[in-house]
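See below for final.tsv, which holds TSV, C-alpha atoms and all ligand atoms.
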```tsv
chain	number	residue	atom	x	y	z
A	1	MET	CA	44.21	-72.06	52.39
A	2	THR	CA	44.59	-74.82	55.00
A	3	ARG	CA	41.79	-77.39	54.55
A	4	ILE	CA	40.87	-79.06	57.83
A	5	ILE	CA	38.94	-82.20	58.79
A	6	LEU	CA	37.57	-81.75	62.32
A	7	ASN	CA	37.01	-84.97	64.29
A	8	GLY	CA	34.55	-84.45	67.16
A	9	CYS	CA	33.21	-81.34	65.41
A	10	ASN	CA	29.96	-81.21	67.41
A	11	GLY	CA	31.62	-81.42	70.82
A	12	LYS	CA	32.35	-78.43	73.04
A	13	MET	CA	35.83	-77.94	71.59
A	14	GLY	CA	34.76	-78.75	68.03
A	15	LYS	CA	32.22	-75.91	68.14
A	16	VAL	CA	34.70	-73.39	69.58
A	17	ILE	CA	37.22	-74.31	66.85
A	18	SER	CA	34.60	-74.05	64.07
A	19	GLN	CA	33.46	-70.62	65.30
A	20	SER	CA	37.03	-69.42	65.72
A	21	ILE	CA	38.02	-70.44	62.18
A	22	MET	CA	34.95	-68.65	60.80
A	23	ASP	CA	35.63	-65.47	62.78
A	24	ASN	CA	39.41	-65.21	62.84
A	25	TYR	CA	41.12	-67.29	60.14
A	26	ASP	CA	40.84	-66.26	56.47
A	27	ASP	CA	43.52	-68.81	55.62
A	28	CYS	CA	41.78	-71.87	57.12
A	29	GLU	CA	38.62	-73.75	56.28
A	30	VAL	CA	36.89	-76.79	57.81
A	31	VAL	CA	36.08	-78.95	54.78
A	32	CYS	CA	34.43	-81.82	56.68
A	33	GLY	CA	33.34	-82.58	60.23
A	34	VAL	CA	33.23	-86.06	61.76
A	35	ASP	CA	30.98	-86.79	64.73
A	36	ILE	CA	28.49	-89.48	65.77
A	37	ASN	CA	26.12	-86.54	66.22
A	38	THR	CA	25.77	-85.53	62.56
A	39	THR	CA	23.77	-82.32	63.12
A	40	LYS	CA	25.02	-79.68	60.69
A	41	GLN	CA	25.81	-76.57	62.76
A	42	PHE	CA	28.33	-74.77	60.56
A	43	ASP	CA	29.02	-74.31	56.88
A	44	TYR	CA	30.52	-77.79	56.33
A	45	ASN	CA	29.13	-81.31	56.04
A	46	VAL	CA	29.24	-83.64	59.01
A	47	VAL	CA	29.73	-87.40	58.56
A	48	SER	CA	29.46	-90.05	61.24
A	49	SER	CA	32.69	-91.90	60.43
A	50	PRO	CA	36.01	-91.18	58.65
A	51	ASP	CA	35.06	-93.83	56.03
A	52	GLU	CA	32.42	-91.38	54.72
A	53	ILE	CA	34.83	-88.47	54.17
A	54	ASN	CA	34.78	-87.61	50.46
A	55	VAL	CA	36.91	-84.44	50.35
A	56	GLU	CA	40.64	-83.89	50.41
A	57	ALA	CA	42.23	-82.05	53.31
A	58	ASP	CA	45.65	-80.78	54.34
A	59	VAL	CA	45.33	-81.67	58.01
A	60	ILE	CA	43.06	-83.27	60.62
A	61	ILE	CA	42.29	-81.83	64.05
A	62	ASP	CA	41.04	-84.45	66.53
A	63	PHE	CA	39.19	-83.22	69.63
A	64	SER	CA	36.95	-86.22	70.29
A	65	LEU	CA	36.97	-89.19	72.66
A	66	PRO	CA	39.37	-92.15	72.93
A	67	VAL	CA	36.67	-94.35	71.36
A	68	ALA	CA	36.77	-92.19	68.22
A	69	PHE	CA	40.56	-92.11	67.97
A	70	ASP	CA	41.38	-95.43	66.26
A	71	ASN	CA	39.29	-94.77	63.13
A	72	ILE	CA	40.54	-91.23	62.55
A	73	MET	CA	44.14	-92.33	63.03
A	74	LYS	CA	43.67	-95.17	60.51
A	75	TYR	CA	42.20	-92.62	58.08
A	76	ALA	CA	45.16	-90.25	58.63
A	77	GLN	CA	47.65	-93.02	57.93
A	78	ARG	CA	45.74	-94.38	54.92
A	79	THR	CA	45.43	-90.95	53.28
A	80	LYS	CA	48.82	-89.65	54.55
A	81	THR	CA	47.10	-86.65	56.13
A	82	PRO	CA	48.93	-84.87	58.97
A	83	ILE	CA	46.99	-85.01	62.24
A	84	VAL	CA	46.77	-82.89	65.40
A	85	VAL	CA	45.70	-85.14	68.29
A	86	ALA	CA	44.24	-83.19	71.20
A	87	THR	CA	41.97	-85.91	72.62
A	88	THR	CA	43.00	-86.91	76.14
A	89	GLY	CA	42.56	-90.11	78.13
A	90	LEU	CA	44.12	-92.26	75.38
A	91	SER	CA	45.37	-95.74	76.31
A	92	ASP	CA	49.03	-96.76	76.24
A	93	GLU	CA	48.27	-98.75	73.06
A	94	GLN	CA	46.79	-95.65	71.40
A	95	ILE	CA	49.83	-93.59	72.39
A	96	TYR	CA	52.02	-96.31	70.87
A	97	VAL	CA	49.99	-95.99	67.63
A	98	ILE	CA	50.63	-92.22	67.64
A	99	LYS	CA	54.37	-92.83	67.89
A	100	SER	CA	54.44	-95.40	65.10
A	101	ALA	CA	52.16	-93.30	62.85
A	102	SER	CA	54.57	-90.38	63.24
A	103	GLU	CA	57.14	-92.38	61.28
A	104	ILE	CA	55.00	-92.02	58.16
A	105	ILE	CA	52.99	-88.80	58.70
A	106	PRO	CA	53.42	-85.59	60.74
A	107	VAL	CA	51.61	-85.97	64.10
A	108	PHE	CA	51.18	-83.18	66.63
A	109	PHE	CA	50.33	-84.53	70.07
A	110	THR	CA	49.97	-82.63	73.30
A	111	ALA	CA	47.69	-83.02	76.30
A	112	ASN	CA	47.36	-79.25	76.42
A	113	MET	CA	47.15	-76.92	73.45
A	114	SER	CA	47.61	-73.75	75.51
A	115	LEU	CA	50.85	-71.83	75.27
A	116	GLY	CA	50.58	-70.88	78.97
A	117	VAL	CA	50.39	-74.48	80.17
A	118	ASN	CA	53.38	-75.43	78.08
A	119	LEU	CA	55.22	-72.51	79.65
A	120	ILE	CA	54.36	-73.64	83.22
A	121	SER	CA	55.56	-77.10	82.29
A	122	GLU	CA	58.98	-75.60	81.53
A	123	LEU	CA	58.86	-73.44	84.68
A	124	ALA	CA	58.04	-76.54	86.76
A	125	GLN	CA	61.04	-78.34	85.24
A	126	LYS	CA	63.24	-75.39	86.10
A	127	ALA	CA	61.86	-75.35	89.68
A	128	ALA	CA	62.52	-79.09	90.04
A	129	GLU	CA	66.12	-78.59	88.87
A	130	VAL	CA	66.74	-75.72	91.29
A	131	LEU	CA	64.88	-77.12	94.31
A	132	GLY	CA	65.97	-80.74	93.95
A	133	ARG	CA	64.52	-83.74	95.75
A	134	LYS	CA	64.19	-81.97	99.14
A	135	PHE	CA	60.85	-80.50	98.03
A	136	ASP	CA	57.71	-82.65	97.82
A	137	VAL	CA	55.82	-82.20	94.56
A	138	GLU	CA	52.02	-82.34	94.43
A	139	ILE	CA	49.83	-81.47	91.44
A	140	VAL	CA	46.20	-80.41	91.78
A	141	GLU	CA	43.92	-80.06	88.76
A	142	LEU	CA	40.37	-78.67	88.63
A	143	HIS	CA	37.89	-79.20	85.78
A	144	HIS	CA	34.16	-78.99	85.00
A	145	ASN	CA	31.73	-81.68	86.09
A	146	GLN	CA	31.36	-83.12	82.54
A	147	LYS	CA	34.97	-84.26	82.22
A	148	VAL	CA	35.21	-88.06	82.17
A	149	ASP	CA	38.95	-88.73	82.38
A	150	SER	CA	40.90	-88.18	85.55
A	151	PRO	CA	43.52	-87.06	86.30
A	152	SER	CA	43.68	-84.65	83.39
A	153	GLY	CA	46.12	-85.36	80.57
A	154	THR	CA	47.74	-82.03	81.45
A	155	ALA	CA	48.35	-83.05	85.07
A	156	LEU	CA	50.13	-86.17	83.80
A	157	MET	CA	52.06	-84.10	81.27
A	158	LEU	CA	53.25	-81.78	84.08
A	159	ALA	CA	54.16	-84.78	86.27
A	160	ASP	CA	56.10	-86.36	83.38
A	161	SER	CA	58.07	-83.19	82.71
A	162	ILE	CA	59.05	-82.89	86.40
A	163	ASN	CA	59.84	-86.60	86.59
A	164	GLU	CA	62.16	-86.22	83.61
A	165	VAL	CA	64.32	-83.91	85.75
A	166	TYR	CA	64.51	-86.67	88.40
A	167	ASN	CA	65.50	-89.27	85.77
A	168	ASN	CA	62.01	-90.77	85.89
A	169	SER	CA	62.60	-92.09	89.41
A	170	MET	CA	59.27	-90.83	90.87
A	171	LYS	CA	56.07	-92.85	91.04
A	172	TYR	CA	52.67	-91.18	90.81
A	173	GLU	CA	50.31	-91.32	93.80
A	174	PHE	CA	46.68	-90.83	92.76
A	175	ASP	CA	44.89	-92.18	95.79
A	176	ARG	CA	45.93	-91.55	99.37
A	177	HIS	CA	42.51	-92.61	100.59
A	178	SER	CA	43.00	-96.35	100.13
A	179	LYS	CA	46.09	-96.61	102.35
A	180	ARG	CA	47.25	-95.45	105.74
A	181	ALA	CA	50.88	-94.48	105.25
A	182	LYS	CA	53.11	-91.42	105.31
A	183	ARG	CA	54.09	-89.77	102.09
A	184	THR	CA	57.31	-91.20	100.64
A	185	ASP	CA	60.17	-89.19	99.09
A	186	ASN	CA	59.92	-90.72	95.65
A	187	GLU	CA	56.39	-89.77	94.69
A	188	ILE	CA	54.45	-87.02	92.95
A	189	GLY	CA	50.88	-86.71	94.27
A	190	ILE	CA	48.25	-85.99	91.59
A	191	HIS	CA	44.76	-84.91	92.65
A	192	SER	CA	41.57	-84.12	90.72
A	193	VAL	CA	38.70	-81.79	91.58
A	194	ARG	CA	35.51	-81.80	89.44
A	195	GLY	CA	32.74	-79.22	89.57
A	196	GLY	CA	30.55	-76.72	87.79
A	197	THR	CA	31.91	-75.16	84.64
A	198	ILE	CA	35.60	-74.82	85.61
A	199	VAL	CA	37.45	-74.69	82.26
A	200	GLY	CA	40.73	-75.97	83.66
A	201	GLU	CA	43.15	-75.11	86.43
A	202	HIS	CA	46.51	-76.74	87.18
A	203	GLU	CA	48.68	-76.06	90.19
A	204	VAL	CA	52.11	-77.55	90.81
A	205	ILE	CA	53.10	-77.32	94.48
A	206	PHE	CA	56.71	-77.65	95.62
A	207	ALA	CA	56.52	-78.01	99.41
A	208	GLY	CA	59.81	-77.77	101.29
A	209	ASP	CA	60.88	-77.05	104.85
A	210	ASP	CA	59.26	-73.76	105.82
A	211	GLU	CA	58.54	-72.64	102.26
A	212	ILE	CA	56.11	-73.49	99.50
A	213	ILE	CA	56.32	-72.57	95.81
A	214	LYS	CA	53.19	-72.80	93.67
A	215	ILE	CA	53.01	-72.53	89.89
A	216	THR	CA	49.47	-72.13	88.61
A	217	HIS	CA	47.75	-71.87	85.27
A	218	THR	CA	44.08	-71.00	84.92
A	219	ALA	CA	42.22	-71.34	81.63
A	220	ALA	CA	39.47	-68.73	81.46
A	221	SER	CA	37.91	-70.11	78.28
A	222	LYS	CA	38.28	-72.94	75.77
A	223	GLN	CA	39.42	-70.41	73.17
A	224	ILE	CA	43.08	-70.87	74.17
A	225	PHE	CA	42.92	-74.57	73.23
A	226	ALA	CA	41.18	-73.77	69.94
A	227	THR	CA	43.79	-71.17	68.99
A	228	GLY	CA	46.63	-73.54	69.90
A	229	SER	CA	45.19	-76.40	67.85
A	230	ILE	CA	44.51	-74.25	64.75
A	231	ASN	CA	48.05	-72.87	64.89
A	232	ALA	CA	49.36	-76.43	65.34
A	233	ALA	CA	47.36	-77.56	62.29
A	234	LYS	CA	48.81	-74.76	60.15
A	235	TYR	CA	52.31	-75.51	61.44
A	236	LEU	CA	51.97	-79.25	60.74
A	237	THR	CA	51.19	-78.79	57.04
A	238	SER	CA	54.80	-77.75	56.43
A	239	CYS	CA	56.36	-80.50	58.56
A	240	LYS	CA	58.01	-83.76	57.56
A	241	PRO	CA	56.75	-87.00	59.15
A	242	GLY	CA	57.55	-86.95	62.87
A	243	LEU	CA	56.10	-86.41	66.32
A	244	TYR	CA	55.66	-82.75	67.20
A	245	SER	CA	54.61	-80.91	70.37
A	246	MET	CA	54.06	-77.34	71.49
A	247	LYS	CA	57.78	-77.11	72.31
A	248	ASP	CA	58.66	-77.58	68.61
A	249	MET	CA	56.15	-74.96	67.55
A	250	ILE	CA	57.30	-72.41	70.15
A	251	SER	CA	60.97	-72.83	69.30
A	252	LYS	CA	60.37	-72.41	65.56
B	1	LIG	N1	44.67	-81.06	74.36
B	1	LIG	C1	43.96	-80.01	74.83
B	1	LIG	O1	44.44	-78.89	74.96
B	1	LIG	C2	42.52	-80.22	75.21
B	1	LIG	C3	41.74	-79.14	75.65
B	1	LIG	C4	40.38	-79.36	75.89
B	1	LIG	C5	39.83	-80.63	75.72
B	1	LIG	N2	40.65	-81.66	75.34
B	1	LIG	C6	40.14	-83.01	75.11
B	1	LIG	O2	39.46	-82.99	73.85
B	1	LIG	C7	38.44	-83.98	73.88
B	1	LIG	C8	37.11	-83.34	73.47
B	1	LIG	O3	36.73	-82.39	74.45
B	1	LIG	P1	35.26	-81.76	74.44
B	1	LIG	O4	35.19	-80.95	75.67
B	1	LIG	O5	34.98	-81.12	73.13
B	1	LIG	O6	34.38	-83.09	74.62
B	1	LIG	P2	32.90	-83.34	74.13
B	1	LIG	O7	32.44	-84.56	74.88
B	1	LIG	O8	32.09	-82.10	74.24
B	1	LIG	O9	33.05	-83.70	72.58
B	1	LIG	C9	33.41	-84.96	72.08
B	1	LIG	C10	32.73	-85.13	70.74
B	1	LIG	O10	33.16	-86.38	70.16
B	1	LIG	C11	32.02	-86.98	69.58
B	1	LIG	N3	32.19	-88.43	69.46
B	1	LIG	C12	31.97	-89.38	70.39
B	1	LIG	N4	32.20	-90.61	69.88
B	1	LIG	C13	32.57	-90.42	68.59
B	1	LIG	C14	32.92	-91.31	67.53
B	1	LIG	N5	32.99	-92.63	67.71
B	1	LIG	N6	33.25	-90.75	66.33
B	1	LIG	C15	33.22	-89.41	66.15
B	1	LIG	N7	32.88	-88.52	67.12
B	1	LIG	C16	32.56	-89.03	68.31
B	1	LIG	C17	30.86	-86.64	70.51
B	1	LIG	O11	29.60	-86.79	69.85
B	1	LIG	C18	31.19	-85.18	70.84
B	1	LIG	O12	30.59	-84.30	69.92
B	1	LIG	C19	38.47	-84.58	75.28
B	1	LIG	O13	39.28	-85.74	75.26
B	1	LIG	C20	39.11	-83.49	76.11
B	1	LIG	O14	39.72	-83.97	77.29
B	1	LIG	C21	41.97	-81.48	75.07
```
Write out the structure in this file as C-alpha cells.
Amino acid sequence: MTRIILNGCNGKMGKVISQSIMDNYDDCEVVCGVDINTTKQFDYNVVSSPDEINVEADVIIDFSLPVAFDNIMKYAQRTKTPIVVATTGLSDEQIYVIKSASEIIPVFFTANMSLGVNLISELAQKAAEVLGRKFDVEIVELHHNQKVDSPSGTALMLADSINEVYNNSMKYEFDRHSKRAKRTDNEIGIHSVRGGTIVGEHEVIFAGDDEIIKITHTAASKQIFATGSINAAKYLTSCKPGLYSMKDMISK
C-alpha cells in the first residue's frame, strides 16, 4: 500500500486525485491532506499546515500554490519523504530548492503530469531538429479563467525543450504589444488565452516559408493529471534520491 500525503487536497486537482484513488487504486491511500481550507471531504484528515501532520507516509503529492510550496518541501526534507511536485508558477529560488532537495530525497517535478503532453514535447524537439532555425516557433496555450499563472508551466516546458535543440540560444517573447518591431530570428513567442472552463490546450506552431506545422495537445479533463501524478508517486517510492521527470517514468 502506498501511503500518500496530499498537499492542496481541497483544490480542484486535490479533489480529482482523492476521488481517483478511492475509485481506481486499491494499492494507494491518502493518509493525510494539507490545505488552508480544512474542510473534510474524503475519508482522511485535513490539516492546515505540514507541521500538524501526525502520520507516516511513503510519498507526498503537491498540487497547491507556490505560497504553499516552501513548507511542504521543508517537511519532505525533514522527514526524508519522497515528493511529487506538480504545482506550477514556482519562482527560480523554489526551483533551485527542488534541485538541491533532490540530492537527499527522490523528487519528481514536471510542469505537466500528462503522458500526451510529454509526448508532444518530444515531438516538438524532433520537429525543431528536422526543421532547423528557418522555421519560426510560436507557442499558444489556453486555460480556464481561474488560472493565476501565465504563461502556463507547460508552455515554458515546451519552449525549454525546443530551445535545448537550439543550444538554448532563443529568447522568449511574451509581449508583442509593448513594442513596435518585427519578429526576430532568435525568439520563441509564447501566448496565453484565458476563458471559461478550458482544461488546458497547448499548440506549438512551426511557421516556415509556405508551410506551417502545428503540434497540439488538448486535455479534456483533469483526470489525466491525476493519473500521471498517482503513477509518479508510486514510481517514486522505489527511487533513490534524485530529480525525476515523466521521461524517466516512461523509459522505465
Ligand atoms: N503539473 C501538472 O500537470 C498540473 C496540472 C494541473 C494543475 N497544476 C497546478 O497545480 C496547482 C493546483 O491546481 P488546482 O487547479 O488544484 O488549484 P486550486 O486553486 O483549485 O487548488 C489549490 C489548493 O491549495 C490550497 N492552498 C492555498 N494556500 C495554501 C497553503 N498555504 N497551504 C496549503 N494549501 C494551500 C488552496 O486552499 C486550494 O485548495 C496549480 O499550481 C496548477 O497550475 C499542475
> Counting only C-alpha atoms, what is within 8 Å of segment 246-250 of chain A, bar same-chain residues fewer than 6 positions away, as a VMD selection string?
Replying inline: chain A and resid 110 113 115 118 232 235
Could those residues be written to a file, using C-alpha atoms, as a compact mmCIF listing (two decimals), in the coordinates of the input?
```
# COMPACT_ATOMS: atom_id res chain seq x y z
CA THR A 110 49.97 -82.63 73.30
CA MET A 113 47.15 -76.92 73.45
CA LEU A 115 50.85 -71.83 75.27
CA ASN A 118 53.38 -75.43 78.08
CA ALA A 232 49.36 -76.43 65.34
CA TYR A 235 52.31 -75.51 61.44
```
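Only residues having an atom at most 7 Å from (30.1, -78.4, 61.6) are included; using only C-alpha atoms, these are Cys9, Asn10, Ser18, Gly33, Lys40, Gln41, Phe42, Asp43, Tyr44, Asn45 and Val46 of chain A.
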> What do you get as number ranges by chain if you pick all residues at most 9 Å from ligand LIG 1 (chain B), counting all atoms listed in the file?
Replying inline: A: 7-16, 34-38, 47-50, 62-72, 85-90, 109-114, 146-149, 152-154, 199-200, 222, 224-226, 228-229
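Our summary of the geometry notes that atom CA of Gly196 of chain A is positioned 26.2 Å from atom CA of Thr39 of chain A.
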Determine, counting all atoms listed in the file, which protein, DNA and RNA residues have an atom within 10 Å of an atom of Gln125 of chain A; residues of the same chain fewer than 2 positions away are not included. Present the result as a CSV table (one decimal) with C-alpha atoms, in the coordinates of the input.
```csv
chain,number,residue,atom,x,y,z
A,119,LEU,CA,55.2,-72.5,79.6
A,120,ILE,CA,54.4,-73.6,83.2
A,121,SER,CA,55.6,-77.1,82.3
A,122,GLU,CA,59.0,-75.6,81.5
A,123,LEU,CA,58.9,-73.4,84.7
A,127,ALA,CA,61.9,-75.4,89.7
A,128,ALA,CA,62.5,-79.1,90.0
A,129,GLU,CA,66.1,-78.6,88.9
A,130,VAL,CA,66.7,-75.7,91.3
A,131,LEU,CA,64.9,-77.1,94.3
A,158,LEU,CA,53.2,-81.8,84.1
A,159,ALA,CA,54.2,-84.8,86.3
A,160,ASP,CA,56.1,-86.4,83.4
A,161,SER,CA,58.1,-83.2,82.7
A,162,ILE,CA,59.0,-82.9,86.4
A,163,ASN,CA,59.8,-86.6,86.6
A,164,GLU,CA,62.2,-86.2,83.6
A,165,VAL,CA,64.3,-83.9,85.8
A,166,TYR,CA,64.5,-86.7,88.4
```
> Within 10 Å of Lys171 of chain A, counting only C-alpha atoms, which residues qualify if same-chain residues fewer than 3 places away don't, as a list of chain:residue names?
Replying inline: A:Ala159, A:Asn163, A:Asn168, A:Phe174, A:Thr184, A:Asp185, A:Asn186, A:Glu187, A:Ile188, A:Gly189
> Looking at A:Ala181, A:Met22, A:Ile213, A:Ile53, which one is nearest to Ile139 of chain A, with distances taken over only C-alpha atoms?
Replying inline: A:Ile213
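Atom to atom, atom CA of Pro151 of chain A and atom CA of Ile83 of chain A stand 24.4 Å apart.
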> Neighbours of Thr2 of chain A within 10 Å (all atoms listed in the file; same-chain residues fewer than 5 positions away dropped), as a VMD selection string?
Replying inline: chain A and resid 25 to 31 57 to 59 230 233 to 234 237
> Taking only C-alpha atoms into account, which of A:Leu243, A:Thr218, A:Asp51, A:Ala207 comes nearest Lys99 of chain A?
Replying inline: A:Leu243
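The space separating atom CA of Thr216 of chain A from atom CA of His202 of chain A comes to 5.7 Å.
Nearest residue to Ile95 of chain A, choosing from A:Thr79, A:Met73, A:Ile198, A:Ala219 and counting all atoms listed in the file: A:Met73.
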Return the padded bounding box of segment 187-190 of chain A as AutoDock Vina command-line options: axis-aligned, built from all atoms listed in the file, 8 Å added on each side, with centre and edge lengths in Å to one decimal.
```
--center_x 52.3 --center_y -87.9 --center_z 93.1 --size_x 24.1 --size_y 19.8 --size_z 19.1
```
